[in-house]
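Undergrad: My file is query-v2.cif. It has mmCIF, C-alpha atoms:
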```cif
data_start
loop_
_atom_site.group_PDB
_atom_site.id
_atom_site.type_symbol
_atom_site.label_atom_id
_atom_site.label_comp_id
_atom_site.auth_asym_id
_atom_site.auth_seq_id
_atom_site.Cartn_x
_atom_site.Cartn_y
_atom_site.Cartn_z
ATOM 1 C CA MET Z 1 12.883 19.631 9.644
ATOM 2 C CA LYS Z 2 11.165 16.819 11.496
ATOM 3 C CA PHE Z 3 9.960 13.476 10.222
ATOM 4 C CA ALA Z 4 7.235 11.555 12.036
ATOM 5 C CA ILE Z 5 7.586 7.794 11.600
ATOM 6 C CA VAL Z 6 4.321 6.075 12.479
ATOM 7 C CA VAL Z 7 4.766 2.764 14.276
ATOM 8 C CA PHE Z 8 1.991 0.170 14.144
ATOM 9 C CA PRO Z 9 2.132 -3.166 15.938
ATOM 10 C CA GLY Z 10 4.042 -5.225 13.383
ATOM 11 C CA SER Z 11 5.875 -2.369 11.671
ATOM 12 C CA ASN Z 12 9.433 -3.573 11.125
ATOM 13 C CA CYS Z 13 11.066 -1.020 8.817
ATOM 14 C CA ASP Z 14 10.516 1.883 11.211
ATOM 15 C CA HIS Z 15 14.143 1.791 12.339
ATOM 16 C CA ASP Z 16 15.374 1.513 8.744
ATOM 17 C CA ILE Z 17 13.706 4.790 7.772
ATOM 18 C CA TYR Z 18 14.751 6.354 11.088
ATOM 19 C CA HIS Z 19 18.371 5.477 10.291
ATOM 20 C CA ALA Z 20 18.124 6.857 6.758
ATOM 21 C CA VAL Z 21 16.461 10.103 7.881
ATOM 22 C CA THR Z 22 18.677 10.829 10.874
ATOM 23 C CA HIS Z 23 22.082 9.234 10.284
ATOM 24 C CA VAL Z 24 22.206 9.513 6.495
ATOM 25 C CA MET Z 25 20.181 12.667 5.837
ATOM 26 C CA GLY Z 26 20.989 14.458 9.103
ATOM 27 C CA GLN Z 27 17.344 15.336 9.766
ATOM 28 C CA ALA Z 28 15.304 14.983 12.934
ATOM 29 C CA ALA Z 29 12.880 12.106 13.273
ATOM 30 C CA GLN Z 30 10.602 10.746 15.930
ATOM 31 C CA PHE Z 31 8.586 7.588 16.231
ATOM 32 C CA VAL Z 32 4.854 8.103 16.660
ATOM 33 C CA TRP Z 33 2.990 5.157 18.158
ATOM 34 C CA HIS Z 34 -0.223 4.404 16.293
ATOM 35 C CA LYS Z 35 -2.341 5.123 19.392
ATOM 36 C CA GLU Z 36 -1.118 8.728 19.466
ATOM 37 C CA THR Z 37 -3.451 11.505 18.429
ATOM 38 C CA SER Z 38 -0.710 13.992 17.561
ATOM 39 C CA LEU Z 39 2.066 13.947 14.974
ATOM 40 C CA GLY Z 40 4.227 16.061 17.260
ATOM 41 C CA GLY Z 41 4.639 18.989 14.899
ATOM 42 C CA ALA Z 42 6.184 16.917 12.118
ATOM 43 C CA ASP Z 43 6.880 18.351 8.668
ATOM 44 C CA VAL Z 44 6.901 14.975 6.904
ATOM 45 C CA VAL Z 45 5.007 11.810 7.808
ATOM 46 C CA VAL Z 46 6.286 8.363 6.878
ATOM 47 C CA LEU Z 47 4.272 5.155 7.161
ATOM 48 C CA PRO Z 48 6.972 2.491 7.226
ATOM 49 C CA GLY Z 49 7.111 -1.037 5.918
ATOM 50 C CA GLY Z 50 6.327 -4.154 7.885
ATOM 51 C CA PHE Z 51 3.329 -6.258 8.710
ATOM 52 C CA SER Z 52 0.964 -4.025 10.646
ATOM 53 C CA TYR Z 53 -1.449 -6.191 12.646
ATOM 54 C CA GLY Z 54 0.183 -9.241 11.116
ATOM 55 C CA ASP Z 55 -1.470 -8.481 7.760
ATOM 56 C CA TYR Z 56 -4.689 -9.831 9.307
ATOM 57 C CA LEU Z 57 -7.737 -9.543 7.024
ATOM 58 C CA ARG Z 58 -5.809 -7.642 4.318
ATOM 59 C CA SER Z 59 -2.477 -5.828 4.407
ATOM 60 C CA GLY Z 60 -3.086 -2.450 6.016
ATOM 61 C CA ALA Z 61 -6.803 -3.039 6.579
ATOM 62 C CA ILE Z 62 -6.714 -2.819 10.374
ATOM 63 C CA ALA Z 63 -3.962 -0.205 10.676
ATOM 64 C CA ARG Z 64 -6.009 2.326 8.750
ATOM 65 C CA PHE Z 65 -8.369 2.551 11.742
ATOM 66 C CA SER Z 66 -5.574 3.326 14.226
ATOM 67 C CA PRO Z 67 -6.147 6.622 16.077
ATOM 68 C CA VAL Z 68 -3.119 8.311 14.509
ATOM 69 C CA MET Z 69 -4.500 7.785 11.007
ATOM 70 C CA GLY Z 70 -7.053 10.549 11.574
ATOM 71 C CA ARG Z 71 -4.155 12.944 12.122
ATOM 72 C CA VAL Z 72 -2.342 11.576 9.068
ATOM 73 C CA SER Z 73 -5.450 12.242 6.946
ATOM 74 C CA GLU Z 74 -5.697 15.799 8.266
ATOM 75 C CA PHE Z 75 -2.002 16.341 7.646
ATOM 76 C CA ALA Z 76 -2.436 15.098 4.070
ATOM 77 C CA ASP Z 77 -5.551 17.249 3.595
ATOM 78 C CA ARG Z 78 -3.517 20.304 4.533
ATOM 79 C CA GLY Z 79 -0.938 19.439 1.898
ATOM 80 C CA GLY Z 80 1.686 17.939 4.204
ATOM 81 C CA PRO Z 81 4.027 15.448 2.521
ATOM 82 C CA VAL Z 82 3.205 11.813 3.367
ATOM 83 C CA LEU Z 83 5.278 8.842 2.221
ATOM 84 C CA GLY Z 84 4.019 5.260 2.511
ATOM 85 C CA ILE Z 85 6.603 2.556 1.983
ATOM 86 C CA CYS Z 86 5.526 -1.042 1.306
ATOM 87 C CA ASN Z 87 3.066 -1.797 4.126
ATOM 88 C CA GLY Z 88 2.767 1.967 4.555
ATOM 89 C CA PHE Z 89 1.609 2.166 0.925
ATOM 90 C CA GLN Z 90 -0.920 -0.602 1.635
ATOM 91 C CA VAL Z 91 -2.215 1.363 4.632
ATOM 92 C CA LEU Z 92 -2.607 4.511 2.468
ATOM 93 C CA LEU Z 93 -4.621 2.487 -0.064
ATOM 94 C CA GLU Z 94 -6.871 1.015 2.628
ATOM 95 C CA ALA Z 95 -7.303 4.501 4.119
ATOM 96 C CA GLU Z 96 -8.317 5.741 0.658
ATOM 97 C CA LEU Z 97 -5.643 8.415 0.781
ATOM 98 C CA LEU Z 98 -4.437 6.815 -2.457
ATOM 99 C CA PRO Z 99 -6.566 5.063 -5.095
ATOM 100 C CA GLY Z 100 -6.502 1.343 -5.873
ATOM 101 C CA GLY Z 101 -5.895 -1.840 -3.937
ATOM 102 C CA MET Z 102 -3.243 -4.437 -3.350
ATOM 103 C CA HIS Z 103 -3.403 -8.177 -3.675
ATOM 104 C CA ARG Z 104 -1.188 -11.239 -3.778
ATOM 105 C CA ASN Z 105 1.874 -11.202 -6.039
ATOM 106 C CA ARG Z 106 1.158 -12.790 -9.415
ATOM 107 C CA ASP Z 107 3.458 -15.751 -8.713
ATOM 108 C CA LEU Z 108 2.302 -16.082 -5.075
ATOM 109 C CA LYS Z 109 5.884 -15.747 -3.842
ATOM 110 C CA PHE Z 110 7.197 -13.326 -1.288
ATOM 111 C CA ILE Z 111 9.822 -11.475 -3.322
ATOM 112 C CA CYS Z 112 12.916 -10.032 -1.657
ATOM 113 C CA GLU Z 113 15.382 -8.620 -4.188
ATOM 114 C CA HIS Z 114 16.674 -5.439 -5.787
ATOM 115 C CA VAL Z 115 14.539 -4.216 -8.675
ATOM 116 C CA SER Z 116 14.734 -1.349 -11.103
ATOM 117 C CA MET Z 117 12.058 1.304 -10.926
ATOM 118 C CA ARG Z 118 11.718 4.240 -13.268
ATOM 119 C CA VAL Z 119 10.779 7.718 -12.105
ATOM 120 C CA GLU Z 120 7.663 8.621 -14.106
ATOM 121 C CA THR Z 121 7.108 12.102 -12.727
ATOM 122 C CA THR Z 122 9.273 14.558 -10.833
ATOM 123 C CA ASP Z 123 6.215 16.570 -9.861
ATOM 124 C CA THR Z 124 5.932 15.281 -6.298
ATOM 125 C CA PRO Z 125 7.739 16.370 -3.142
ATOM 126 C CA PHE Z 126 9.464 12.974 -3.090
ATOM 127 C CA THR Z 127 10.787 12.938 -6.670
ATOM 128 C CA ARG Z 128 11.539 16.548 -7.521
ATOM 129 C CA ASN Z 129 15.321 16.052 -7.286
ATOM 130 C CA ALA Z 130 15.206 13.029 -9.593
ATOM 131 C CA ARG Z 131 15.198 13.091 -13.387
ATOM 132 C CA ALA Z 132 12.116 11.961 -15.286
ATOM 133 C CA GLY Z 133 12.997 8.540 -16.669
ATOM 134 C CA GLN Z 134 15.747 8.005 -14.106
ATOM 135 C CA VAL Z 135 16.053 4.354 -13.129
ATOM 136 C CA LEU Z 136 16.567 3.656 -9.430
ATOM 137 C CA ARG Z 137 17.839 0.351 -8.091
ATOM 138 C CA ILE Z 138 15.837 -0.296 -4.926
ATOM 139 C CA PRO Z 139 15.016 -3.447 -2.960
ATOM 140 C CA ILE Z 140 11.523 -4.850 -2.615
ATOM 141 C CA ALA Z 141 10.319 -7.256 0.074
ATOM 142 C CA HIS Z 142 6.641 -8.107 -0.189
ATOM 143 C CA GLY Z 143 4.078 -10.807 -0.798
ATOM 144 C CA ASP Z 144 1.099 -8.539 -1.456
ATOM 145 C CA GLY Z 145 2.479 -5.981 -3.878
ATOM 146 C CA ASN Z 146 0.326 -6.653 -6.893
ATOM 147 C CA TYR Z 147 -1.247 -3.233 -7.363
ATOM 148 C CA TYR Z 148 -4.695 -3.179 -8.881
ATOM 149 C CA VAL Z 149 -6.810 -0.334 -10.103
ATOM 150 C CA PRO Z 150 -9.746 -0.790 -12.498
ATOM 151 C CA PRO Z 151 -9.410 0.487 -16.094
ATOM 152 C CA ALA Z 152 -11.190 3.780 -15.332
ATOM 153 C CA GLY Z 153 -8.831 4.316 -12.418
ATOM 154 C CA ILE Z 154 -5.772 3.716 -14.595
ATOM 155 C CA ARG Z 155 -6.979 6.276 -17.101
ATOM 156 C CA ALA Z 156 -7.406 8.810 -14.293
ATOM 157 C CA LEU Z 157 -3.939 8.062 -12.887
ATOM 158 C CA GLU Z 158 -2.402 8.508 -16.314
ATOM 159 C CA ALA Z 159 -4.374 11.653 -17.147
ATOM 160 C CA ASN Z 160 -3.305 13.277 -13.869
ATOM 161 C CA GLN Z 161 0.260 11.924 -14.069
ATOM 162 C CA GLN Z 162 -0.193 10.202 -10.713
ATOM 163 C CA ILE Z 163 1.953 7.208 -11.619
ATOM 164 C CA VAL Z 164 5.223 8.026 -9.876
ATOM 165 C CA PHE Z 165 7.265 4.824 -10.319
ATOM 166 C CA ARG Z 166 7.108 1.801 -12.640
ATOM 167 C CA TYR Z 167 9.019 -1.478 -12.566
ATOM 168 C CA THR Z 168 11.325 -1.609 -15.592
ATOM 169 C CA SER Z 169 14.503 -3.220 -16.855
ATOM 170 C CA PRO Z 170 17.775 -1.751 -15.527
ATOM 171 C CA ALA Z 171 17.837 0.291 -18.740
ATOM 172 C CA GLY Z 172 14.361 1.669 -18.030
ATOM 173 C CA LYS Z 173 12.431 -0.454 -20.541
ATOM 174 C CA LEU Z 174 8.919 -1.610 -19.734
ATOM 175 C CA ALA Z 175 8.258 -5.327 -20.228
ATOM 176 C CA GLU Z 176 6.058 -7.854 -18.443
ATOM 177 C CA ALA Z 177 9.170 -9.802 -17.414
ATOM 178 C CA TRP Z 178 10.327 -6.823 -15.339
ATOM 179 C CA ASN Z 179 6.898 -6.296 -13.760
ATOM 180 C CA VAL Z 180 8.017 -8.313 -10.787
ATOM 181 C CA ASN Z 181 4.683 -8.766 -8.981
ATOM 182 C CA GLY Z 182 2.155 -8.408 -11.817
ATOM 183 C CA SER Z 183 0.971 -4.911 -10.922
ATOM 184 C CA THR Z 184 -1.441 -3.109 -13.226
ATOM 185 C CA ASP Z 185 0.656 -1.186 -15.754
ATOM 186 C CA ALA Z 186 3.827 -2.190 -13.834
ATOM 187 C CA ILE Z 187 3.000 0.420 -11.204
ATOM 188 C CA ALA Z 188 5.453 0.531 -8.297
ATOM 189 C CA GLY Z 189 4.294 3.824 -6.797
ATOM 190 C CA ILE Z 190 1.629 6.499 -7.161
ATOM 191 C CA CYS Z 191 0.603 9.837 -5.712
ATOM 192 C CA ASN Z 192 -2.741 11.438 -4.939
ATOM 193 C CA GLU Z 193 -4.247 14.143 -7.146
ATOM 194 C CA ARG Z 194 -2.812 16.837 -4.936
ATOM 195 C CA ARG Z 195 0.596 15.104 -5.306
ATOM 196 C CA ASN Z 196 1.623 15.393 -1.631
ATOM 197 C CA VAL Z 197 0.847 11.770 -0.706
ATOM 198 C CA VAL Z 198 3.141 9.189 -2.310
ATOM 199 C CA GLY Z 199 3.116 5.417 -1.808
ATOM 200 C CA LEU Z 200 5.482 2.837 -3.224
ATOM 201 C CA MET Z 201 6.225 -0.844 -2.668
ATOM 202 C CA PRO Z 202 10.053 -0.671 -3.010
ATOM 203 C CA HIS Z 203 12.114 0.349 0.025
ATOM 204 C CA PRO Z 204 14.147 3.501 -0.697
ATOM 205 C CA GLU Z 205 15.225 3.679 2.963
ATOM 206 C CA ARG Z 206 17.189 0.449 2.478
ATOM 207 C CA ALA Z 207 19.059 1.952 -0.463
ATOM 208 C CA CYS Z 208 20.525 5.129 0.975
ATOM 209 C CA GLU Z 209 24.131 4.038 1.397
ATOM 210 C CA VAL Z 210 26.604 2.457 -1.026
ATOM 211 C CA ALA Z 211 27.494 -0.097 1.660
ATOM 212 C CA LEU Z 212 23.944 -1.455 1.349
ATOM 213 C CA GLY Z 213 24.343 -2.113 -2.358
ATOM 214 C CA SER Z 214 22.639 1.008 -3.664
ATOM 215 C CA ALA Z 215 22.271 4.630 -2.654
ATOM 216 C CA ASP Z 216 19.596 5.312 -5.269
ATOM 217 C CA GLY Z 217 16.889 5.724 -2.644
ATOM 218 C CA ARG Z 218 18.478 8.848 -1.229
ATOM 219 C CA VAL Z 219 17.026 11.033 -3.960
ATOM 220 C CA ILE Z 220 13.540 10.395 -2.543
ATOM 221 C CA LEU Z 221 14.476 11.682 0.906
ATOM 222 C CA GLU Z 222 16.623 14.472 -0.536
ATOM 223 C CA SER Z 223 13.663 15.561 -2.636
ATOM 224 C CA VAL Z 224 11.351 16.062 0.321
ATOM 225 C CA VAL Z 225 14.064 17.784 2.346
ATOM 226 C CA SER Z 226 14.750 20.262 -0.452
ATOM 227 C CA THR Z 227 11.033 20.704 -1.156
ATOM 228 C CA LEU Z 228 10.412 21.706 2.439
ATOM 229 C CA ALA Z 229 13.532 23.866 2.589
ATOM 230 C CA GLU Z 230 12.186 25.799 -0.370
ATOM 231 C CA THR Z 231 8.475 25.955 0.369
ATOM 232 C CA GLY Z 232 8.767 26.298 4.120
ATOM 233 C CA VAL Z 233 7.601 23.815 6.683
ATOM 234 C CA ALA Z 234 3.888 23.390 7.141
ATOM 235 C CA GLN Z 235 3.690 22.260 10.729
ATOM 236 C CA VAL Z 236 0.636 20.387 11.787
ATOM 237 C CA THR Z 237 0.266 19.169 15.328
ATOM 238 C CA MET M 238 -28.263 -14.117 15.412
ATOM 239 C CA LYS M 239 -25.632 -15.399 13.004
ATOM 240 C CA ALA M 240 -24.752 -13.389 9.932
ATOM 241 C CA LYS M 241 -22.423 -14.934 7.384
ATOM 242 C CA VAL M 242 -20.339 -12.780 5.096
ATOM 243 C CA PHE M 243 -18.639 -14.267 2.030
ATOM 244 C CA VAL M 244 -15.910 -12.102 0.515
ATOM 245 C CA THR M 245 -14.510 -12.948 -2.906
ATOM 246 C CA LEU M 246 -12.219 -11.265 -5.378
ATOM 247 C CA LYS M 247 -14.155 -9.521 -8.133
ATOM 248 C CA PRO M 248 -14.383 -11.579 -11.341
ATOM 249 C CA SER M 249 -12.049 -9.132 -13.106
ATOM 250 C CA ILE M 250 -9.269 -9.728 -10.572
ATOM 251 C CA LEU M 251 -6.791 -12.510 -11.185
ATOM 252 C CA ASP M 252 -6.830 -14.976 -8.278
ATOM 253 C CA PRO M 253 -3.420 -16.668 -8.344
ATOM 254 C CA GLN M 254 -4.203 -18.752 -5.240
ATOM 255 C CA GLY M 255 -7.427 -20.078 -6.745
ATOM 256 C CA ARG M 256 -5.640 -20.872 -9.990
ATOM 257 C CA THR M 257 -2.899 -22.745 -8.141
ATOM 258 C CA ILE M 258 -5.521 -24.760 -6.265
ATOM 259 C CA ALA M 259 -7.281 -25.565 -9.560
ATOM 260 C CA GLU M 260 -3.988 -26.758 -11.036
ATOM 261 C CA ALA M 261 -3.391 -28.950 -7.979
ATOM 262 C CA LEU M 262 -6.861 -30.459 -8.430
ATOM 263 C CA HIS M 263 -6.059 -31.155 -12.070
ATOM 264 C CA THR M 264 -2.886 -32.926 -10.940
ATOM 265 C CA LEU M 265 -5.059 -35.046 -8.627
ATOM 266 C CA GLY M 266 -7.164 -36.004 -11.617
ATOM 267 C CA TYR M 267 -10.127 -33.682 -11.069
ATOM 268 C CA GLY M 268 -10.075 -32.405 -14.614
ATOM 269 C CA THR M 269 -13.733 -31.425 -14.461
ATOM 270 C CA VAL M 270 -12.966 -28.657 -11.947
ATOM 271 C CA GLN M 271 -12.528 -25.890 -14.435
ATOM 272 C CA ASP M 272 -11.660 -23.046 -12.105
ATOM 273 C CA VAL M 273 -11.361 -22.205 -8.408
ATOM 274 C CA ARG M 274 -11.835 -18.827 -6.785
ATOM 275 C CA GLN M 275 -10.651 -18.535 -3.199
ATOM 276 C CA GLY M 276 -12.436 -16.222 -0.789
ATOM 277 C CA LYS M 277 -12.963 -15.420 2.868
ATOM 278 C CA TYR M 278 -15.823 -16.401 5.126
ATOM 279 C CA PHE M 279 -16.846 -14.529 8.280
ATOM 280 C CA GLU M 280 -19.398 -15.521 10.920
ATOM 281 C CA LEU M 281 -20.754 -12.564 12.841
ATOM 282 C CA ASP M 282 -22.654 -13.145 16.051
ATOM 283 C CA VAL M 283 -25.021 -10.177 15.957
ATOM 284 C CA ASP M 284 -27.331 -8.797 18.604
ATOM 285 C CA ALA M 285 -30.275 -7.901 16.363
ATOM 286 C CA THR M 286 -34.057 -7.921 16.699
ATOM 287 C CA ASP M 287 -34.724 -9.368 13.253
ATOM 288 C CA ALA M 288 -32.984 -10.819 10.231
ATOM 289 C CA GLU M 289 -33.206 -7.592 8.265
ATOM 290 C CA GLN M 290 -31.438 -5.623 10.980
ATOM 291 C CA ALA M 291 -28.697 -8.264 11.144
ATOM 292 C CA ARG M 292 -28.364 -8.219 7.381
ATOM 293 C CA THR M 293 -28.061 -4.409 7.290
ATOM 294 C CA LEU M 294 -25.417 -4.439 9.980
ATOM 295 C CA ALA M 295 -23.427 -7.228 8.318
ATOM 296 C CA ALA M 296 -23.491 -5.367 5.015
ATOM 297 C CA GLU M 297 -22.298 -2.206 6.715
ATOM 298 C CA VAL M 298 -19.302 -3.878 8.368
ATOM 299 C CA ALA M 299 -18.509 -5.686 5.128
ATOM 300 C CA ASP M 300 -18.465 -2.333 3.327
ATOM 301 C CA ARG M 301 -16.357 -0.655 5.972
ATOM 302 C CA LEU M 302 -13.879 -3.366 6.884
ATOM 303 C CA LEU M 303 -14.383 -6.971 5.806
ATOM 304 C CA ALA M 304 -14.164 -6.341 2.068
ATOM 305 C CA ASN M 305 -12.068 -3.918 0.051
ATOM 306 C CA PRO M 306 -14.468 -2.635 -2.612
ATOM 307 C CA VAL M 307 -11.588 -1.979 -5.022
ATOM 308 C CA ILE M 308 -10.796 -5.660 -5.431
ATOM 309 C CA GLU M 309 -13.498 -7.604 -3.601
ATOM 310 C CA SER M 310 -17.240 -8.103 -3.481
ATOM 311 C CA TYR M 311 -19.302 -9.744 -0.754
ATOM 312 C CA ARG M 312 -22.537 -11.558 -0.066
ATOM 313 C CA VAL M 313 -24.446 -11.720 3.240
ATOM 314 C CA GLU M 314 -26.564 -14.581 4.564
ATOM 315 C CA VAL M 315 -28.517 -14.409 7.822
ATOM 316 C CA ASP M 316 -29.423 -17.490 9.798
ATOM 317 C CA ASP M 317 -32.414 -16.403 11.933
ATOM 318 C CA ARG M 318 -33.329 -19.783 13.357
#
```
Step by step, read the file and then write its structure as structure tokens.
TA:
Amino acid sequence: MKFAIVVFPGSNCDHDIYHAVTHVMGQAAQFVWHKETSLGGADVVVLPGGFSYGDYLRSGAIARFSPVMGRVSEFADRGGPVLGICNGFQVLLEAELLPGGMHRNRDLKFICEHVSMRVETTDTPFTRNARAGQVLRIPIAHGDGNYYVPPAGIRALEANQQIVFRYTSPAGKLAEAWNVNGSTDAIAGICNERRNVVGLMPHPERACEVALGSADGRVILESVVSTLAETGVAQVT
Amino acid sequence: MKAKVFVTLKPSILDPQGRTIAEALHTLGYGTVQDVRQGKYFELDVDATDAEQARTLAAEVADRLLANPVIESYRVEVDDR
């Protein structure tokens, strides 16, 4: 099973996810420079965190036009699993592979801390090994993580069960105080209608080993590995 | 020809930067400034034959790149002097 990790100028969590995929999960991974026009036969595509193009204009706004993004869209269209983490989530929003937009955190601060996020649906390739309602302790590190979708969009996300993660208390309770960045409906992560593209602001790849303070993020990578082991790998070049 | 594009957050979107600026102005004593909305301003130097062509082009690039229609709206001005 091979992961493609897309590297944009300014990506800085590419090695974090590489470490988690290869050294922790024992899977193969390769970096794919954003100028590439092939994903190298990958089974899973990850858009990592960081500051692609220095967050110029808007987070993810320039990266979405990188040559490799055409391949990522095709891969997603064919049902291939795509995970966008933090800036990778922002790129997926700008690329309209996921609905909604991102703007400045409610309190204007860059927030770097562990948060609790609740698994809202296990019906995605990245959450199938989790329990619905399971609370994961995962770090966030972002300034533009305030997810916005207009009221009609929220209703659609809820109707289709596309809300994958919400910020909650450690006990899994929703409250504005736990909605760390002011996101609409405390949304931390969503999926597309087809459910194969998932984006989230927290960094599961930084929470895959107990030595790092939490191994709760592993379930996200384990989920996609077991999904592919079961359904077979859909290779797209 | 110069085309100016003004991008602002939609009225329904909270603008925490604008609010912080408004609060700073209140601290300075400008209590009559009731609200501030912060936006972005772009100057495009466009090779166009007339103002309408420049305006169409500026609107197109605003739609495609300069503004995110989910959270932002934009306005175009063309200076055809």
Undergrad: May I ask you to extract the residues of chain M within 7 Å of chain Z, using only C-alpha atoms, and to give them as number ranges by chain?
TA: M: 253, 307-308
Undergrad: List, as a PyMOL selection string, every residue that the PyMOL selection byres ((chain Z and resi 116) around 9) selects in the file provided.
TA: chain Z and resi 114-115+117-118+135-139+166-172+178
Undergrad: In Å, with one decimal, what is the gap from atom CA of Gln90 of chain Z to atom CA of Ile111 of chain Z?
TA: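 Interatomic distance here is 16.1 Å.
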Undergrad: Using the chain letters and residue numbers of this document, give as a PDB file with C-alpha atoms, in the frame of the given file the residues selected by the PyMOL selection byres ((chain M and resi 298-304) around 9).
TA:
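Produced file result04.pdb, reproduced below:
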```
ATOM      1  CA  LEU Z  57      -7.737  -9.543   7.024  1.00  0.00           C
ATOM      2  CA  ARG Z  58      -5.809  -7.642   4.318  1.00  0.00           C
ATOM      3  CA  ALA Z  61      -6.803  -3.039   6.579  1.00  0.00           C
ATOM      4  CA  ILE Z  62      -6.714  -2.819  10.374  1.00  0.00           C
TER       5      ILE Z  62
ATOM      6  CA  VAL M 242     -20.339 -12.780   5.096  1.00  0.00           C
ATOM      7  CA  VAL M 244     -15.910 -12.102   0.515  1.00  0.00           C
ATOM      8  CA  THR M 245     -14.510 -12.948  -2.906  1.00  0.00           C
ATOM      9  CA  PHE M 279     -16.846 -14.529   8.280  1.00  0.00           C
ATOM     10  CA  THR M 293     -28.061  -4.409   7.290  1.00  0.00           C
ATOM     11  CA  LEU M 294     -25.417  -4.439   9.980  1.00  0.00           C
ATOM     12  CA  ALA M 295     -23.427  -7.228   8.318  1.00  0.00           C
ATOM     13  CA  ALA M 296     -23.491  -5.367   5.015  1.00  0.00           C
ATOM     14  CA  GLU M 297     -22.298  -2.206   6.715  1.00  0.00           C
ATOM     15  CA  ASN M 305     -12.068  -3.918   0.051  1.00  0.00           C
ATOM     16  CA  PRO M 306     -14.468  -2.635  -2.612  1.00  0.00           C
ATOM     17  CA  VAL M 307     -11.588  -1.979  -5.022  1.00  0.00           C
ATOM     18  CA  ILE M 308     -10.796  -5.660  -5.431  1.00  0.00           C
ATOM     19  CA  GLU M 309     -13.498  -7.604  -3.601  1.00  0.00           C
ATOM     20  CA  SER M 310     -17.240  -8.103  -3.481  1.00  0.00           C
ATOM     21  CA  TYR M 311     -19.302  -9.744  -0.754  1.00  0.00           C
ATOM     22  CA  ARG M 312     -22.537 -11.558  -0.066  1.00  0.00           C
ATOM     23  CA  VAL M 313     -24.446 -11.720   3.240  1.00  0.00           C
TER      24      VAL M 313
END
```
Undergrad: Restricting the calculation to all atoms listed in the file, which member of Z:Ile85, Z:Val44, Z:Leu92, Z:Leu157 is positioned closest to Thr227 of chain Z?
TA: Z:Val44
Undergrad: Suppose you want the space between atom CA of Pro125 of chain Z and atom CA of Glu74 of chain Z; what is it in Å?
TA: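 Those two atoms sit 17.6 Å apart.
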Undergrad: Determine, counting only C-alpha atoms, which protein, DNA and RNA residues have an atom within 7 Å of an atom of segment 77-83 of chain Z; residues of the same chain fewer than 4 positions away are not included. Present the result as a PyMOL selection string.
TA: chain Z and resi 43-47+73+125+196-199+234
Undergrad: Report as number ranges by chain all protein, DNA and RNA residues lying within 7 Å of Ser59 of chain Z, evaluated on all atoms listed in the file, omitting residues in the same chain fewer than 3 positions from it.
TA: Z: 55-56, 87, 90
